[in-house]
Amino acid sequence: MAKNDRGMVTGDPVTYQIPAPAGGVQMETFIPWTLVKRGVRRQVITPIDAPEHFEKEAVVERSARKQVKVSPSVRALGLAHYWQRLLDEGKYRSLTDIAATEGVDLSQASRTAQLTRLAPEIVESCFSDRLGAPKLEQLARVSLAGTWADQSSLIRNKPQGR
């Protein structure tokens, strides 16, 4: 477990001392759960005597997490916009630097970065649960088209599956 998980593993109270500029106040937190390591992931287990509303919230959260299915196209879109933000903020000078840091081929990084130029309705269709949502290969080809109208017509005219 990480060093910051101290006290949280068993649900014991953790006391933090706030430095003098903030008034030198002592704060104590208590959260009634246990953190269990399951392989690489961590899982929260609520105690048996926990209030009933905690259990209901946990069930709702678990079901919501299971319903969300992230497709490869959504992941690629997120990665492309993340890389664009890194470039805009000046954390990296070029896509070559990002590709080297991420450990991906420059051509793959370039194809992924082009997804930031997609039309908004195409991006929205990727997030919908419809069966006709465009696949990642289609998005890579369509992103090369100049205008958003051209991109939309290419998506409408292309067959969805192979």
# chains A, B, ... in the order shown; residues from 1 in each chain; ligands from 1
$ residues_around --residues "region 122-126 of chain A" --least-positions-apart "3" --cutoff "7 Å" --atoms "only C-alpha atoms" --output "CSV table (one decimal) with N, CA and C atoms, in the first residue's frame"
chain,number,residue,atom,x,y,z
A,73,SER,N,-12.1,4.0,-29.5
A,73,SER,CA,-12.2,5.3,-30.2
A,73,SER,C,-12.3,6.4,-29.1
A,74,VAL,N,-13.1,6.2,-28.0
A,74,VAL,CA,-13.2,7.1,-27.0
A,74,VAL,C,-11.9,7.3,-26.3
A,118,LEU,N,-11.7,16.4,-35.4
A,118,LEU,CA,-12.9,15.8,-35.8
A,118,LEU,C,-14.1,16.8,-35.6
A,119,ALA,N,-15.1,16.6,-36.4
A,119,ALA,CA,-16.3,17.4,-36.2
A,119,ALA,C,-17.0,17.1,-34.9
A,133,ALA,N,-21.9,3.6,-34.1
A,133,ALA,CA,-20.9,4.5,-33.7
A,133,ALA,C,-19.6,4.2,-34.5
A,134,PRO,N,-18.9,5.2,-35.0
A,134,PRO,CA,-17.7,5.0,-35.9
A,134,PRO,C,-16.6,4.3,-35.1
A,152,SER,N,-18.4,14.6,-42.0
A,152,SER,CA,-19.7,14.1,-41.8
A,152,SER,C,-20.2,13.3,-42.9
$ select_by_dssp --residues "region 40-146 of chain A" --states "strand (DSSP E or B)" --output "short mmCIF file (atom, residue, chain, number, x, y, z; two decimals) with N, CA and C atoms, in the first residue's frame"
data_model
loop_
_atom_site.label_atom_id
_atom_site.label_comp_id
_atom_site.auth_asym_id
_atom_site.auth_seq_id
_atom_site.Cartn_x
_atom_site.Cartn_y
_atom_site.Cartn_z
N ARG A 41 -5.13 -3.55 -8.31
CA ARG A 41 -6.19 -2.63 -7.93
C ARG A 41 -6.46 -2.67 -6.43
N ARG A 42 -7.11 -1.62 -5.96
CA ARG A 42 -7.54 -1.55 -4.57
C ARG A 42 -9.06 -1.58 -4.53
N GLN A 43 -9.62 -2.21 -3.54
CA GLN A 43 -11.05 -2.31 -3.43
C GLN A 43 -11.48 -1.86 -2.04
N VAL A 44 -12.55 -1.07 -2.00
CA VAL A 44 -13.08 -0.57 -0.74
C VAL A 44 -14.14 -1.54 -0.24
N ILE A 45 -14.02 -1.95 1.02
CA ILE A 45 -15.00 -2.84 1.63
C ILE A 45 -15.61 -2.11 2.81
#
$ residues_around --residues "Ala145 (chain A)" --least-positions-apart "6" --cutoff "12 Å" --atoms "only C-alpha atoms" --output "list in words"
Gln114, Leu115, Arg117, Leu118, Ala119, Gln138, Leu139, Gln151, Ser152, Ser153, Leu154 and Ile155 of chain A
$ write_last_selection --atoms "N, CA and C atoms" --output "mmCIF file, in the first residue's frame"
data_model
loop_
_atom_site.group_PDB
_atom_site.id
_atom_site.type_symbol
_atom_site.label_atom_id
_atom_site.label_comp_id
_atom_site.auth_asym_id
_atom_site.auth_seq_id
_atom_site.Cartn_x
_atom_site.Cartn_y
_atom_site.Cartn_z
ATOM 1 N N GLN A 114 -4.390 13.667 -34.692
ATOM 2 C CA GLN A 114 -5.284 14.230 -35.709
ATOM 3 C C GLN A 114 -6.752 14.113 -35.321
ATOM 4 N N LEU A 115 -7.060 13.288 -34.334
ATOM 5 C CA LEU A 115 -8.443 13.119 -33.911
ATOM 6 C C LEU A 115 -9.002 14.374 -33.243
ATOM 7 N N ARG A 117 -9.168 17.122 -34.595
ATOM 8 C CA ARG A 117 -9.765 17.910 -35.687
ATOM 9 C C ARG A 117 -11.121 17.383 -36.134
ATOM 10 N N LEU A 118 -11.651 16.385 -35.442
ATOM 11 C CA LEU A 118 -12.927 15.803 -35.848
ATOM 12 C C LEU A 118 -14.094 16.750 -35.578
ATOM 13 N N ALA A 119 -15.121 16.615 -36.394
ATOM 14 C CA ALA A 119 -16.335 17.420 -36.235
ATOM 15 C C ALA A 119 -17.025 17.055 -34.910
ATOM 16 N N GLN A 138 -12.014 4.201 -38.850
ATOM 17 C CA GLN A 138 -12.773 5.175 -39.621
ATOM 18 C C GLN A 138 -12.443 6.588 -39.174
ATOM 19 N N LEU A 139 -12.342 6.788 -37.877
ATOM 20 C CA LEU A 139 -12.044 8.117 -37.359
ATOM 21 C C LEU A 139 -10.690 8.616 -37.839
ATOM 22 N N GLN A 151 -16.160 15.629 -43.413
ATOM 23 C CA GLN A 151 -16.013 14.525 -42.459
ATOM 24 C C GLN A 151 -17.357 13.845 -42.207
ATOM 25 N N SER A 152 -18.402 14.639 -42.014
ATOM 26 C CA SER A 152 -19.732 14.074 -41.750
ATOM 27 C C SER A 152 -20.231 13.272 -42.935
ATOM 28 N N SER A 153 -19.995 13.761 -44.148
ATOM 29 C CA SER A 153 -20.449 13.014 -45.328
ATOM 30 C C SER A 153 -19.665 11.718 -45.492
ATOM 31 N N LEU A 154 -18.391 11.724 -45.161
ATOM 32 C CA LEU A 154 -17.586 10.494 -45.230
ATOM 33 C C LEU A 154 -18.082 9.455 -44.239
ATOM 34 N N ILE A 155 -18.426 9.886 -43.030
ATOM 35 C CA ILE A 155 -18.930 8.949 -42.013
ATOM 36 C C ILE A 155 -20.288 8.370 -42.448
#
$ closest_residue --among "A:Ser128, A:Thr112, A:Ser107, A:Gln67" --to "Trp83 (chain A)" --atoms "only C-alpha atoms"
A:Thr112
$ residues_around --residues "Leu86 (chain A)" --least-positions-apart "6" --cutoff "9 Å" --atoms "only C-alpha atoms" --output "list of chain:residue names"
A:Tyr92, A:Arg93, A:Ile98
$ write_last_selection --atoms "N, CA and C atoms" --output "PDB file, in the first residue's frame"
ATOM      1  N   TYR A  92       5.305  20.221 -23.411  1.00  0.00           N
ATOM      2  CA  TYR A  92       6.121  19.558 -24.436  1.00  0.00           C
ATOM      3  C   TYR A  92       6.212  20.489 -25.627  1.00  0.00           C
ATOM      4  N   ARG A  93       7.350  20.438 -26.319  1.00  0.00           N
ATOM      5  CA  ARG A  93       7.529  21.323 -27.465  1.00  0.00           C
ATOM      6  C   ARG A  93       6.915  20.772 -28.728  1.00  0.00           C
ATOM      7  N   ILE A  98       6.353  14.038 -27.059  1.00  0.00           N
ATOM      8  CA  ILE A  98       5.276  13.282 -26.413  1.00  0.00           C
ATOM      9  C   ILE A  98       5.379  11.806 -26.777  1.00  0.00           C
TER      10      ILE A  98
END
$ atom_distance --atom1 "CA of Leu136 (chain A)" --atom2 "CA of Ser71 (chain A)"
8.9 Å
